Amino acid sequence: MYLGRFKQSGFRNLAFLDLEFDPHVNVFLGENAQGKTNLLEAIYFLALSRSHRTSNDREMIAFGQDFASLAGRVHKRQLDLDLRIVISKKGKSAWVNRVEQARLSKYVGHLNAILFSPEDLELVKGAPSLRRRFMDLEFGQINPEYLYFASQYRQLLQQRNNYLKQLARRQASDQVLLGVLTEQVATAASELIWRRYRYLADLNRYAAEAYRAISGQREELRVLYRPSAKEITAADQPAQIKQKLLDRFAEIVDDELRRATTQLGPHRDDLEFQLDGKNAHLFASQGQQRTIALSLKLAEIQLIKQLTGEEPILLLDDVMSELDQNRQAALLDFIHGQTQTFITTTDLDGISQEIVKQPRIFYIHSGQIIEKEEGLNGRRR
Ligand SMILES: Nc1ncnc2c1ncn2[C@@H]1O[C@H](COP(=O)(O)OP(=O)(O)OP(=O)(O)O)[C@@H](O)[C@H]1O
Ligand SMILES: [Mg+2]
């Protein structure tokens, strides 16, 4: 699939835009703080109805404006479709082919996008919340049920936490209600955890392949799910996961009442990356971390292809200059001219000639985007 026409207004510092993207490679060249990341964020938001860098949607509305509007035409093998999403101060609304979608989980997935940014290098050694966010964004866009249960889980978790606080402050005393909330939380949690295991199994396989290809070594990358309820295993069905969660909740009830917050579940789970069986969180070098992060992104492309039969679009924010020639070449191998790619950079010099053989080049300056007519001829050496 690829994104053809793209229109936007009111998104961060971007000027009103009406652009036609290249089905292959689009390069956005501009100095710092001109709007490069904002543009990729806008495209990502059009695809996922979420930003990769903030969970506060209002932040993305241009200063002094009331709403931001993004629209794009997606070309797939069998059909084309129009997507539109509007962020207002009250929330967001989304349309597919001019039909408003009652739920965002019905909207997400029509355009698949993988974004790779320097922050992704934190994925290995950074906070667990980054790895959970990674799973939620990636698995949410390939499975509407995942998105549905994730949003249900968020709401139920909040209710349960609020109720635990009321119990702790003695503003409530009804343990039966707590039991009902626990049951509901455990149901949504089990559906979520079960899907995470399922998609991780595939991701694991592709990531290991990509890691081998990029590193040229025989180091084996493995991605493991680390549930906060340690009894849960990859072989469990949702009903078993739920039961294990309920058993554990029964054990820790006093602790939860004291801390007035839910101690177990998908919001406390984590991923572990291993190289040859060793925890990469502890041992991986900078280069290894970079290769792991890149392998994961490439694995996602494969996973989306496997599940949808379509290539996702790839957004590379300022990462080409961070990758050496070998890693750029590995990336190129994976894309091999089929994946529509958006690259931002402050300088064309860091980018392998091969990748930008015939790109469409745009300049970004103060949120304005202008296409460069003469291709790469003006390239400085
Ligand atoms: N809601 C908003 N309304 C208007 N401008 C915004 C908004 N949010 C961010 N900006 C502005 O957008 C600019 C940053 O744009 P962006 O992050 O896209 O830069 P960039 O080109 O990616 O820079 P770098 O090369 O440093 O990564 C900043 O000047 C910031 O003030
Ligand atoms: Mg940027």
# chains A, B, ... in the order shown; residues from 1 in each chain; ligands from 1
call {"tool": "residues_near_ligand", "arguments": {"ligand": "ligand 2", "cutoff": "9 Å", "atoms": "only C-alpha atoms and all ligand atoms", "output": "list in words"}}
result
Asn32, Ala33, Gln34, Gly35, Lys36, Thr37, Asn38, Leu40, Ser117, Asp317, Asp318, Thr344 and Thr345 of chain A
call {"tool": "write_last_selection", "arguments": {"atoms": "N, CA and C atoms", "output": "JSON list (two decimals), in the first residue's frame"}}
result
[["chain", "number", "residue", "atom", "x", "y", "z"],
["A", 32, "ASN", "N", 16.92, 22.03, 11.73],
["A", 32, "ASN", "CA", 16.24, 21.66, 12.96],
["A", 32, "ASN", "C", 15.01, 22.55, 13.19],
["A", 33, "ALA", "N", 14.03, 21.95, 13.84],
["A", 33, "ALA", "CA", 12.81, 22.68, 14.27],
["A", 33, "ALA", "C", 12.00, 23.27, 13.13],
["A", 34, "GLN", "N", 12.09, 22.70, 11.93],
["A", 34, "GLN", "CA", 11.32, 23.23, 10.80],
["A", 34, "GLN", "C", 10.00, 22.49, 10.59],
["A", 35, "GLY", "N", 9.88, 21.28, 11.16],
["A", 35, "GLY", "CA", 8.63, 20.55, 11.01],
["A", 35, "GLY", "C", 8.77, 19.17, 10.40],
["A", 36, "LYS", "N", 9.99, 18.64, 10.34],
["A", 36, "LYS", "CA", 10.19, 17.32, 9.73],
["A", 36, "LYS", "C", 9.50, 16.23, 10.55],
["A", 37, "THR", "N", 9.79, 16.22, 11.85],
["A", 37, "THR", "CA", 9.16, 15.20, 12.70],
["A", 37, "THR", "C", 7.64, 15.43, 12.74],
["A", 38, "ASN", "N", 7.24, 16.69, 12.75],
["A", 38, "ASN", "CA", 5.80, 16.98, 12.76],
["A", 38, "ASN", "C", 5.10, 16.36, 11.55],
["A", 40, "LEU", "N", 6.06, 13.68, 9.79],
["A", 40, "LEU", "CA", 5.98, 12.23, 9.93],
["A", 40, "LEU", "C", 4.96, 11.85, 11.01],
["A", 117, "SER", "N", 12.47, 6.08, 14.76],
["A", 117, "SER", "CA", 13.06, 7.37, 15.12],
["A", 117, "SER", "C", 14.19, 7.14, 16.12],
["A", 317, "ASP", "N", 12.55, 8.74, 10.73],
["A", 317, "ASP", "CA", 12.78, 10.10, 11.19],
["A", 317, "ASP", "C", 14.21, 10.27, 11.65],
["A", 318, "ASP", "N", 15.02, 10.87, 10.81],
["A", 318, "ASP", "CA", 16.36, 11.26, 11.24],
["A", 318, "ASP", "C", 17.23, 10.08, 11.64],
["A", 344, "THR", "N", 13.33, 11.66, 6.75],
["A", 344, "THR", "CA", 13.67, 13.05, 7.06],
["A", 344, "THR", "C", 15.15, 13.13, 7.36],
["A", 345, "THR", "N", 15.74, 14.25, 7.01],
["A", 345, "THR", "CA", 17.16, 14.45, 7.29],
["A", 345, "THR", "C", 17.50, 15.93, 7.25]]
call {"tool": "residues_around", "arguments": {"residues": "range 287-295 of chain A", "least_positions_apart": "4", "cutoff": "10 Å", "atoms": "only C-alpha atoms", "output": "PyMOL selection string"}}
result
chain A and resi 116-125+203-204+206-215+221-223+273-275+280-281+283+299-301+319+322-324+327+330-331
call {"tool": "write_last_selection", "arguments": {"atoms": "N, CA and C atoms", "output": "short mmCIF file (atom, residue, chain, number, x, y, z; two decimals), in the first residue's frame"}}
result
data_model
loop_
_atom_site.label_atom_id
_atom_site.label_comp_id
_atom_site.auth_asym_id
_atom_site.auth_seq_id
_atom_site.Cartn_x
_atom_site.Cartn_y
_atom_site.Cartn_z
N PHE A 116 10.33 4.71 12.53
CA PHE A 116 11.61 4.45 13.20
C PHE A 116 12.26 5.80 13.49
N SER A 117 12.47 6.08 14.76
CA SER A 117 13.06 7.37 15.12
C SER A 117 14.19 7.14 16.12
N PRO A 118 15.02 8.15 16.35
CA PRO A 118 16.14 7.95 17.27
C PRO A 118 15.68 7.47 18.65
N GLU A 119 14.48 7.85 19.06
CA GLU A 119 13.98 7.42 20.38
C GLU A 119 13.83 5.90 20.45
N ASP A 120 13.66 5.27 19.29
CA ASP A 120 13.50 3.82 19.30
C ASP A 120 14.74 3.10 19.79
N LEU A 121 15.87 3.81 19.74
CA LEU A 121 17.09 3.18 20.24
C LEU A 121 17.00 2.98 21.75
N GLU A 122 16.05 3.66 22.37
CA GLU A 122 15.81 3.49 23.81
C GLU A 122 15.05 2.21 24.12
N LEU A 123 14.51 1.62 23.09
CA LEU A 123 13.62 0.49 23.27
C LEU A 123 14.26 -0.63 24.11
N VAL A 124 15.54 -0.84 23.90
CA VAL A 124 16.21 -1.96 24.57
C VAL A 124 16.48 -1.64 26.05
N LYS A 125 17.04 -0.45 26.30
CA LYS A 125 17.47 -0.14 27.66
C LYS A 125 16.58 0.85 28.38
N LEU A 203 6.76 -12.08 15.55
CA LEU A 203 7.72 -10.98 15.53
C LEU A 203 9.12 -11.50 15.85
N ASN A 204 9.18 -12.38 16.82
CA ASN A 204 10.42 -12.99 17.27
C ASN A 204 11.17 -13.65 16.11
N TYR A 206 10.80 -13.16 12.81
CA TYR A 206 11.26 -12.18 11.81
C TYR A 206 12.40 -11.33 12.34
N ALA A 207 12.33 -10.97 13.62
CA ALA A 207 13.36 -10.11 14.20
C ALA A 207 14.70 -10.84 14.24
N ALA A 208 14.65 -12.13 14.57
CA ALA A 208 15.89 -12.91 14.61
C ALA A 208 16.53 -12.98 13.22
N GLU A 209 15.68 -13.19 12.21
CA GLU A 209 16.16 -13.22 10.82
C GLU A 209 16.81 -11.89 10.45
N ALA A 210 16.11 -10.80 10.76
CA ALA A 210 16.62 -9.47 10.41
C ALA A 210 17.93 -9.20 11.14
N TYR A 211 17.98 -9.61 12.40
CA TYR A 211 19.19 -9.36 13.19
C TYR A 211 20.40 -10.06 12.57
N ARG A 212 20.16 -11.31 12.18
CA ARG A 212 21.25 -12.07 11.54
C ARG A 212 21.70 -11.38 10.26
N ALA A 213 20.73 -10.93 9.47
CA ALA A 213 21.06 -10.28 8.19
C ALA A 213 21.84 -8.99 8.42
N ILE A 214 21.46 -8.23 9.39
CA ILE A 214 22.12 -6.93 9.59
C ILE A 214 23.48 -7.10 10.23
N SER A 215 23.56 -7.96 11.23
CA SER A 215 24.82 -8.05 11.98
C SER A 215 25.82 -8.92 11.24
N LEU A 221 19.04 -13.27 18.22
CA LEU A 221 18.17 -12.35 18.96
C LEU A 221 16.88 -13.08 19.34
N ARG A 222 16.48 -12.93 20.59
CA ARG A 222 15.18 -13.45 21.00
C ARG A 222 14.40 -12.37 21.72
N VAL A 223 13.09 -12.37 21.50
CA VAL A 223 12.22 -11.43 22.18
C VAL A 223 11.30 -12.23 23.08
N PHE A 273 14.75 -8.53 25.62
CA PHE A 273 15.49 -8.91 24.43
C PHE A 273 16.74 -9.65 24.87
N GLN A 274 17.00 -10.76 24.20
CA GLN A 274 18.20 -11.53 24.53
C GLN A 274 19.09 -11.70 23.30
N LEU A 275 20.39 -11.59 23.51
CA LEU A 275 21.35 -11.95 22.47
C LEU A 275 22.10 -13.17 22.96
N ALA A 280 19.79 -8.37 26.89
CA ALA A 280 20.38 -7.23 26.18
C ALA A 280 20.24 -5.94 26.98
N HIS A 281 19.25 -5.90 27.85
CA HIS A 281 19.05 -4.73 28.71
C HIS A 281 20.32 -4.45 29.53
N PHE A 283 23.50 -6.08 28.83
CA PHE A 283 24.79 -6.29 28.18
C PHE A 283 24.99 -5.66 26.81
N ALA A 299 11.06 -6.39 11.39
CA ALA A 299 10.20 -7.53 11.69
C ALA A 299 8.73 -7.13 11.63
N GLU A 300 8.44 -5.92 12.06
CA GLU A 300 7.06 -5.44 11.99
C GLU A 300 6.57 -5.33 10.56
N ILE A 301 7.48 -4.89 9.69
CA ILE A 301 7.09 -4.81 8.28
C ILE A 301 6.67 -6.19 7.79
N VAL A 319 16.98 8.91 11.10
CA VAL A 319 17.75 7.76 11.55
C VAL A 319 18.81 7.31 10.56
N GLU A 322 22.20 7.91 11.51
CA GLU A 322 22.62 7.14 12.68
C GLU A 322 23.04 5.72 12.33
N LEU A 323 22.71 5.32 11.10
CA LEU A 323 23.01 3.94 10.70
C LEU A 323 24.23 3.95 9.79
N ASP A 324 25.15 3.01 10.01
CA ASP A 324 26.30 2.95 9.13
C ASP A 324 25.89 2.35 7.78
N ARG A 327 24.22 -1.14 7.81
CA ARG A 327 22.84 -1.17 8.29
C ARG A 327 21.90 -0.50 7.29
N ALA A 330 21.27 -3.08 4.70
CA ALA A 330 20.33 -4.11 5.16
C ALA A 330 18.90 -3.59 5.09
N LEU A 331 18.76 -2.34 5.46
CA LEU A 331 17.44 -1.70 5.40
C LEU A 331 16.96 -1.69 3.96
#
call {"tool": "residues_around", "arguments": {"residues": "range 57-60 of chain A", "least_positions_apart": "2", "cutoff": "9 Å", "atoms": "only C-alpha atoms", "output": "PyMOL selection string"}}
result
chain A and resi 10-13+38+42+50-51+54-55+62-63+67-68+87-92
call {"tool": "write_last_selection", "arguments": {"atoms": "C-alpha atoms", "output": "mmCIF file, in the first residue's frame"}}
result
data_model
loop_
_atom_site.group_PDB
_atom_site.id
_atom_site.type_symbol
_atom_site.label_atom_id
_atom_site.label_comp_id
_atom_site.auth_asym_id
_atom_site.auth_seq_id
_atom_site.Cartn_x
_atom_site.Cartn_y
_atom_site.Cartn_z
ATOM 1 C CA GLY A 10 -3.812 22.940 11.782
ATOM 2 C CA PHE A 11 -1.302 20.238 12.726
ATOM 3 C CA ARG A 12 1.532 21.619 14.891
ATOM 4 C CA ASN A 13 3.669 24.112 12.945
ATOM 5 C CA ASN A 38 5.800 16.982 12.759
ATOM 6 C CA ALA A 42 0.993 13.721 11.047
ATOM 7 C CA ARG A 50 -2.204 8.129 17.841
ATOM 8 C CA SER A 51 1.093 9.919 17.998
ATOM 9 C CA THR A 54 2.702 12.044 22.939
ATOM 10 C CA SER A 55 -0.507 10.664 24.343
ATOM 11 C CA ALA A 62 -1.423 24.230 16.044
ATOM 12 C CA PHE A 63 -1.021 26.985 18.605
ATOM 13 C CA PHE A 67 -8.626 21.717 15.443
ATOM 14 C CA ALA A 68 -6.254 19.840 13.194
ATOM 15 C CA ILE A 87 -8.420 16.333 16.281
ATOM 16 C CA SER A 88 -10.417 18.899 18.198
ATOM 17 C CA LYS A 89 -10.212 20.023 21.791
ATOM 18 C CA LYS A 90 -13.054 17.657 22.610
ATOM 19 C CA GLY A 91 -11.541 14.559 21.039
ATOM 20 C CA LYS A 92 -11.029 13.029 17.631
#
call {"tool": "residues_around", "arguments": {"residues": "Leu271 in chain A", "least_positions_apart": "3", "cutoff": "7 Å", "atoms": "only C-alpha atoms", "output": "list of chain:residue names"}}
result
A:Arg131, A:Val223, A:Leu224, A:Tyr225, A:Arg226
call {"tool": "select_by_dssp", "arguments": {"residues": "range 21-230 of chain A", "states": "strand (DSSP E or B)", "output": "NGL selection string"}}
result
:A and (25-29 or 61 or 67-75 or 80-88 or 91-96 or 99-100 or 113-116 or 221-226)
call {"tool": "residues_around", "arguments": {"residues": "range 159-166 of chain A", "least_positions_apart": "5", "cutoff": "7 Å", "atoms": "only C-alpha atoms", "output": "list in words"}}
result
Gln171, Ala172, Leu181, Leu257, Ala260, Thr261 and Thr262 of chain A
call {"tool": "write_last_selection", "arguments": {"atoms": "C-alpha atoms", "output": "short mmCIF file (atom, residue, chain, number, x, y, z; two decimals), in the first residue's frame"}}
result
data_model
loop_
_atom_site.label_atom_id
_atom_site.label_comp_id
_atom_site.auth_asym_id
_atom_site.auth_seq_id
_atom_site.Cartn_x
_atom_site.Cartn_y
_atom_site.Cartn_z
CA GLN A 171 -15.00 6.20 51.22
CA ALA A 172 -16.21 2.78 50.15
CA LEU A 181 -14.08 -4.97 38.83
CA LEU A 257 -5.57 -2.12 49.17
CA ALA A 260 -4.43 1.59 46.27
CA THR A 261 -3.39 0.62 42.78
CA THR A 262 -3.52 -2.46 40.57
#
call {"tool": "residues_around", "arguments": {"residues": "Arg73 in chain A", "least_positions_apart": "2", "cutoff": "10 Å", "atoms": "only C-alpha atoms", "output": "list in words"}}
result
Tyr2, Leu3, Gly4, Arg5, Phe6, Lys7, Glu20, Ala71, His75, Lys76, Asp80, Leu81, Asp82, Leu83, Arg84, Asn97 and Leu111 of chain A
call {"tool": "write_last_selection", "arguments": {"atoms": "C-alpha atoms", "output": "mmCIF file, in the first residue's frame"}}
result
data_model
loop_
_atom_site.group_PDB
_atom_site.id
_atom_site.type_symbol
_atom_site.label_atom_id
_atom_site.label_comp_id
_atom_site.auth_asym_id
_atom_site.auth_seq_id
_atom_site.Cartn_x
_atom_site.Cartn_y
_atom_site.Cartn_z
ATOM 1 C CA TYR A 2 1.044 3.608 -0.337
ATOM 2 C CA LEU A 3 -0.117 7.039 0.627
ATOM 3 C CA GLY A 4 -0.745 9.227 -2.405
ATOM 4 C CA ARG A 5 -2.429 12.549 -1.878
ATOM 5 C CA PHE A 6 -2.073 14.052 1.572
ATOM 6 C CA LYS A 7 -3.776 17.144 2.931
ATOM 7 C CA GLU A 20 1.124 14.093 -3.759
ATOM 8 C CA ALA A 71 -6.621 13.490 5.104
ATOM 9 C CA HIS A 75 -3.723 2.999 -2.606
ATOM 10 C CA LYS A 76 -3.893 -0.750 -2.094
ATOM 11 C CA ASP A 80 -8.144 2.847 -2.940
ATOM 12 C CA LEU A 81 -9.578 4.569 0.057
ATOM 13 C CA ASP A 82 -9.869 7.979 1.637
ATOM 14 C CA LEU A 83 -8.961 8.480 5.257
ATOM 15 C CA ARG A 84 -9.643 11.557 7.296
ATOM 16 C CA ASN A 97 -14.454 6.922 2.538
ATOM 17 C CA LEU A 111 -3.210 2.444 6.537
#
call {"tool": "closest_residue", "arguments": {"among": "A:Gln101, A:Ile369, A:Asp174, A:Thr346", "to": "ligand 1", "atoms": "only C-alpha atoms and all ligand atoms"}}
result
A:Thr346
